[in-house]
file target-v6.txt (compact mmCIF, C-alpha atoms)
# COMPACT_ATOMS: atom_id res chain seq x y z
CA MET G 3 -82.47 35.86 46.61
CA THR G 4 -79.77 34.54 48.82
CA PRO G 5 -78.37 31.98 46.36
CA ARG G 6 -78.35 34.60 43.52
CA SER G 7 -76.79 37.22 45.68
CA GLY G 8 -74.16 34.71 46.78
CA GLY G 9 -73.40 33.80 43.14
CA VAL G 10 -72.80 37.43 42.19
CA ALA G 11 -70.56 37.90 45.18
CA ASN G 12 -68.55 34.82 44.33
CA GLY G 13 -68.16 35.91 40.69
CA TYR G 14 -67.03 39.34 41.77
CA SER G 15 -64.53 37.86 44.21
CA THR G 16 -63.15 35.54 41.54
CA ARG G 17 -62.66 38.37 39.03
CA LYS G 18 -61.07 40.57 41.67
CA LEU G 19 -58.71 37.78 42.75
CA SER G 20 -57.74 37.13 39.12
CA ARG G 21 -56.92 40.81 38.57
CA GLU G 22 -54.85 40.91 41.76
CA LEU G 23 -52.91 37.84 40.69
CA GLU G 24 -52.27 39.36 37.27
CA CYS G 25 -51.06 42.59 38.83
CA HIS G 26 -48.87 40.64 41.23
CA ASN G 27 -47.31 38.47 38.51
CA LEU G 28 -46.84 41.21 35.91
CA PRO G 29 -43.60 42.62 37.42
CA ASN G 30 -42.21 39.09 37.75
CA MET G 31 -43.07 38.34 34.12
CA ARG G 32 -41.37 41.54 33.03
CA LEU G 33 -38.26 40.71 35.10
CA THR G 34 -38.15 37.18 33.70
CA THR G 35 -38.33 38.54 30.17
CA LEU G 36 -35.59 41.07 30.96
CA PHE G 37 -33.31 38.43 32.50
CA LEU G 38 -33.82 36.17 29.51
CA PHE G 39 -32.92 38.98 27.12
CA VAL G 40 -29.81 39.91 29.11
CA SER G 41 -28.68 36.28 29.37
CA LEU G 42 -28.90 35.95 25.60
CA LEU G 43 -27.24 39.27 24.88
CA PHE G 44 -24.57 39.52 27.59
CA PRO G 45 -22.26 36.67 26.49
CA CYS G 46 -22.14 38.16 23.01
CA VAL G 47 -21.38 41.60 24.45
CA THR G 48 -18.66 40.14 26.69
CA ARG G 49 -17.00 38.28 23.85
CA ALA G 50 -17.17 41.40 21.67
CA GLN G 51 -15.59 43.52 24.40
CA ASP G 52 -12.88 40.92 25.07
CA SER G 53 -11.98 40.46 21.43
CA ALA G 54 -12.22 44.18 20.70
CA GLY G 55 -9.93 45.16 23.58
CA VAL G 56 -6.94 42.83 23.35
CA PRO G 57 -5.42 40.45 20.79
CA VAL G 58 -6.49 36.85 21.32
CA PHE G 59 -4.05 34.16 20.16
CA GLU G 60 -4.08 30.39 19.98
CA ILE G 61 -0.87 28.34 19.94
CA SER G 62 -1.19 25.31 17.69
CA GLN G 63 0.63 22.12 18.63
CA THR G 64 0.52 21.09 14.99
CA GLY G 65 3.86 22.11 13.53
CA SER G 66 5.15 23.39 16.89
CA THR G 67 8.03 21.83 18.81
CA ILE G 68 9.85 22.10 22.13
CA GLN G 69 13.35 20.61 22.01
CA PHE G 70 16.47 20.40 24.14
CA ALA G 71 20.11 19.52 23.65
CA VAL G 72 23.22 19.19 25.78
CA ASN G 73 26.84 18.77 24.71
CA ALA G 74 28.02 15.28 25.54
CA SER G 75 30.38 12.58 24.35
CA ILE G 76 27.35 11.04 22.63
CA THR G 77 24.31 12.85 21.26
CA ILE G 78 21.86 13.83 23.97
CA ALA G 79 19.01 15.77 22.40
CA GLY G 80 15.30 15.29 22.05
CA THR G 81 11.80 16.68 22.16
CA PHE G 82 8.86 16.78 24.54
CA ASP G 83 5.75 15.24 23.04
CA LYS G 84 3.19 16.58 25.55
CA TRP G 85 3.03 20.25 26.39
CA ASN G 86 0.75 23.27 26.40
CA ALA G 87 1.51 26.94 25.70
CA THR G 88 -0.59 30.08 26.02
CA LEU G 89 0.08 33.59 24.73
CA THR G 90 -2.02 36.36 26.28
CA PHE G 91 -2.06 40.16 26.13
CA LYS G 92 -3.21 42.92 28.48
CA SER G 93 -3.43 45.40 25.60
CA PRO G 94 -2.45 45.55 21.91
CA ASP G 95 1.06 46.66 22.97
CA VAL G 96 3.41 43.75 22.23
CA THR G 97 5.29 44.35 25.50
CA THR G 98 2.19 43.34 27.49
CA ALA G 99 2.45 39.78 26.14
CA ALA G 100 2.71 36.86 28.54
CA LEU G 101 3.91 33.41 27.51
CA ASP G 102 3.26 30.38 29.70
CA VAL G 103 4.62 26.94 28.79
CA GLU G 104 3.81 23.72 30.65
CA ILE G 105 5.64 20.52 29.69
CA GLN G 106 4.95 16.95 30.75
CA ALA G 107 8.46 15.89 31.77
CA ALA G 108 7.69 12.21 31.24
CA SER G 109 7.00 12.88 27.55
CA VAL G 110 10.73 13.34 26.86
CA ASP G 111 11.77 11.57 23.68
CA THR G 112 15.43 11.21 22.69
CA GLY G 113 14.86 8.22 20.43
CA SER G 114 16.59 6.02 22.99
CA GLY G 115 14.74 4.14 25.72
CA PHE G 116 17.90 4.04 27.86
CA LYS G 117 18.46 7.79 27.66
CA ASP G 118 14.76 8.53 28.24
CA SER G 119 14.62 6.38 31.38
CA LYS G 120 17.78 8.02 32.73
CA LEU G 121 16.43 11.53 32.10
CA LYS G 122 13.13 10.65 33.81
CA SER G 123 14.94 9.32 36.88
CA GLY G 124 15.63 11.12 40.13
CA ASP G 125 19.10 12.06 38.87
CA PHE G 126 17.63 14.35 36.24
CA PHE G 127 13.96 15.34 35.69
CA ASP G 128 12.64 13.26 38.63
CA VAL G 129 9.27 12.91 36.90
CA ALA G 130 7.78 10.77 39.67
CA ASN G 131 7.90 13.70 42.10
CA ASN G 132 7.97 16.64 39.67
CA PRO G 133 5.88 15.83 36.61
CA LEU G 134 5.89 19.36 35.14
CA ILE G 135 8.53 21.60 33.62
CA THR G 136 7.24 25.17 33.30
CA PHE G 137 8.19 28.61 32.06
CA LYS G 138 6.09 31.61 33.08
CA SER G 139 7.12 34.95 31.62
CA THR G 140 7.38 38.02 33.84
CA ARG G 141 8.66 40.68 31.42
CA ILE G 142 9.22 41.17 27.69
CA VAL G 143 11.39 43.74 25.92
CA GLN G 144 11.45 44.35 22.17
CA THR G 145 15.11 44.46 21.11
CA GLY G 146 14.67 44.74 17.33
CA ALA G 147 12.05 44.81 14.60
CA ASN G 148 11.22 41.14 15.20
CA THR G 149 13.33 40.18 18.22
CA PHE G 150 12.57 40.10 21.92
CA GLU G 151 14.02 39.18 25.28
CA MET G 152 11.57 37.54 27.67
CA ASP G 153 12.35 37.09 31.35
CA GLY G 154 10.50 34.39 33.22
CA ASN G 155 10.45 31.85 36.01
CA PHE G 156 11.69 28.45 34.91
CA THR G 157 10.83 25.40 37.01
CA ILE G 158 12.31 21.93 36.69
CA ARG G 159 12.63 19.22 39.36
CA GLY G 160 10.57 21.50 41.63
CA VAL G 161 13.29 24.19 41.58
CA THR G 162 12.37 27.63 40.23
CA LYS G 163 14.88 30.20 39.01
CA PRO G 164 14.75 33.26 36.71
CA GLU G 165 15.82 32.57 33.15
CA LYS G 166 15.67 34.40 29.82
CA LEU G 167 14.18 33.44 26.46
CA THR G 168 15.57 35.11 23.34
CA LEU G 169 12.75 35.26 20.80
CA THR G 170 12.37 35.91 17.08
CA VAL G 171 8.88 36.46 15.69
CA SER G 172 7.88 35.98 12.05
CA GLY G 173 4.62 36.85 10.31
CA ARG G 174 4.39 40.29 11.87
CA GLY G 175 1.17 42.06 10.89
CA THR G 176 -0.40 38.99 9.27
CA GLY G 177 -2.33 37.63 12.25
CA SER G 178 -0.39 34.37 12.19
CA GLY G 179 3.24 33.41 12.48
CA THR G 180 5.97 31.68 14.42
CA ILE G 181 7.66 32.36 17.74
CA LYS G 182 11.14 30.87 17.87
CA GLY G 183 13.03 31.07 21.13
CA THR G 184 16.17 29.82 22.83
CA MET G 185 16.96 29.50 26.52
CA ALA G 186 20.08 28.06 28.15
CA PHE G 187 20.44 26.98 31.76
CA ASP G 188 22.96 25.20 33.99
CA ARG G 189 21.55 21.81 34.96
CA LYS G 190 23.44 21.82 38.28
CA ASP G 191 21.58 24.96 39.35
CA TYR G 192 18.49 22.73 39.44
CA GLY G 193 20.02 19.80 41.29
CA MET G 194 20.92 17.69 38.26
CA ASN G 195 24.42 16.92 39.49
CA SER G 196 24.70 13.32 38.36
CA GLY G 197 26.01 11.98 35.09
CA ILE G 198 25.48 8.92 32.97
CA PRO G 199 28.08 6.15 33.24
CA PHE G 200 30.76 6.28 30.52
CA ILE G 201 29.22 9.45 29.04
CA ARG G 202 30.67 12.92 29.47
CA ILE G 203 27.88 15.51 29.83
CA ALA G 204 28.22 19.30 29.85
CA ASN G 205 26.36 21.40 32.42
CA ARG G 206 24.81 23.77 29.90
CA VAL G 207 21.43 22.70 28.54
CA GLU G 208 19.82 24.54 25.64
CA VAL G 209 16.06 24.59 25.14
CA THR G 210 14.46 25.75 21.90
CA VAL G 211 10.80 26.49 21.23
CA ASP G 212 9.15 26.80 17.84
CA LEU G 213 5.53 27.80 18.34
CA LYS G 214 2.92 28.42 15.64
CA GLY G 215 0.36 31.05 16.61
CA ASN G 216 -2.82 32.51 15.11
CA ARG G 217 -4.77 35.58 16.14
CA VAL G 218 -8.37 34.44 16.58
CA GLY G 219 -9.83 37.67 17.94
CA GLY G 220 -9.19 41.25 18.98
CA PRO G 221 -7.07 43.92 17.34
CA PRO G 222 -3.63 43.42 15.77
CA VAL G 223 -0.54 43.48 17.98
CA VAL G 224 1.26 46.83 18.03
CA PHE G 225 5.04 46.53 17.59
CA LYS G 226 7.71 49.12 18.18
CA GLN G 227 8.86 50.42 14.80
call {"tool": "encode", "arguments": {"input": "target-v6.txt", "output": "structure tokens"}}
result
Amino acid sequence: MTPRSGGVANGYSTRKLSRELECHNLPNMRLTTLFLFVSLLFPCVTRAQDSAGVPVFEISQTGSTIQFAVNASITIAGTFDKWNATLTFKSPDVTTAALDVEIQAASVDTGSGFKDSKLKSGDFFDVANNPLITFKSTRIVQTGANTFEMDGNFTIRGVTKPEKLTLTVSGRGTGSGTIKGTMAFDRKDYGMNSGIPFIRIANRVEVTVDLKGNRVGGPPVVFKQ
């Protein structure tokens, strides 16, 4: 009788323990399933909310250029081969746009090795100590159907000063287009006081941007009529 009684007791204990474990694990299983569902769903929801709330643009380097020119006794003009630009919005209103441009100063290309080396030197861009030239917009005002004035902080040689970009936008309402802008600054305001031997150089430097953009998400940009 004792062995049989013990066997029944052990079987009962095993079944009871199994039920307790199942009851204990059931909430965890449900939570795991819930977390898995949320992890799969949430990124999609986030992307949908982001793209639904504000315009999302990409600036393509293909077909885009950033150039500069300065009046001199010989031609001093060129491009920057390495740069990155971003255009972001806080809302569909065009005046919430923010443009950030980051240029690798050492990528300057005038077509002349002599001019390039001089511009990279400490007399001008000082690329060894200040590798980046940047423009970060702080305010934009629509001045016409397709024209804008954009204030921003311009940094070159480690010196930052407020400057203004005058912009013209094409492709309005199509989801893709071009942003063309011009900015002029005095090189001596940024410590570029030297010249190049036997070459007369003006102080005024003009920078032009020609950026190709495409809306890849969100609503269209709302312009002032």
call {"tool": "residues_around", "arguments": {"input": "target-v6.txt", "residues": "stretch 193-205 of chain G", "least_positions_apart": "6", "cutoff": "8 Å", "atoms": "only C-alpha atoms", "output": "count of residues only"}}
result
10
call {"tool": "closest_residue", "arguments": {"input": "target-v6.txt", "among": "G:Phe82, G:Phe156, G:Gly177, G:Ser123", "to": "G:Phe70", "atoms": "all atoms listed in the file"}}
result
G:Phe82
call {"tool": "residues_near_point", "arguments": {"input": "target-v6.txt", "point": "(4.8, 46.2, 25.4)", "cutoff": "9 Å", "atoms": "only C-alpha atoms", "output": "PyMOL selection string"}}
result
chain G and resi 93-99+142-144+224-226
call {"tool": "closest_residue", "arguments": {"input": "target-v6.txt", "among": "G:Thr149, G:Thr81, G:Asn216, G:Ser62", "to": "G:Thr176", "atoms": "only C-alpha atoms"}}
result
G:Asn216
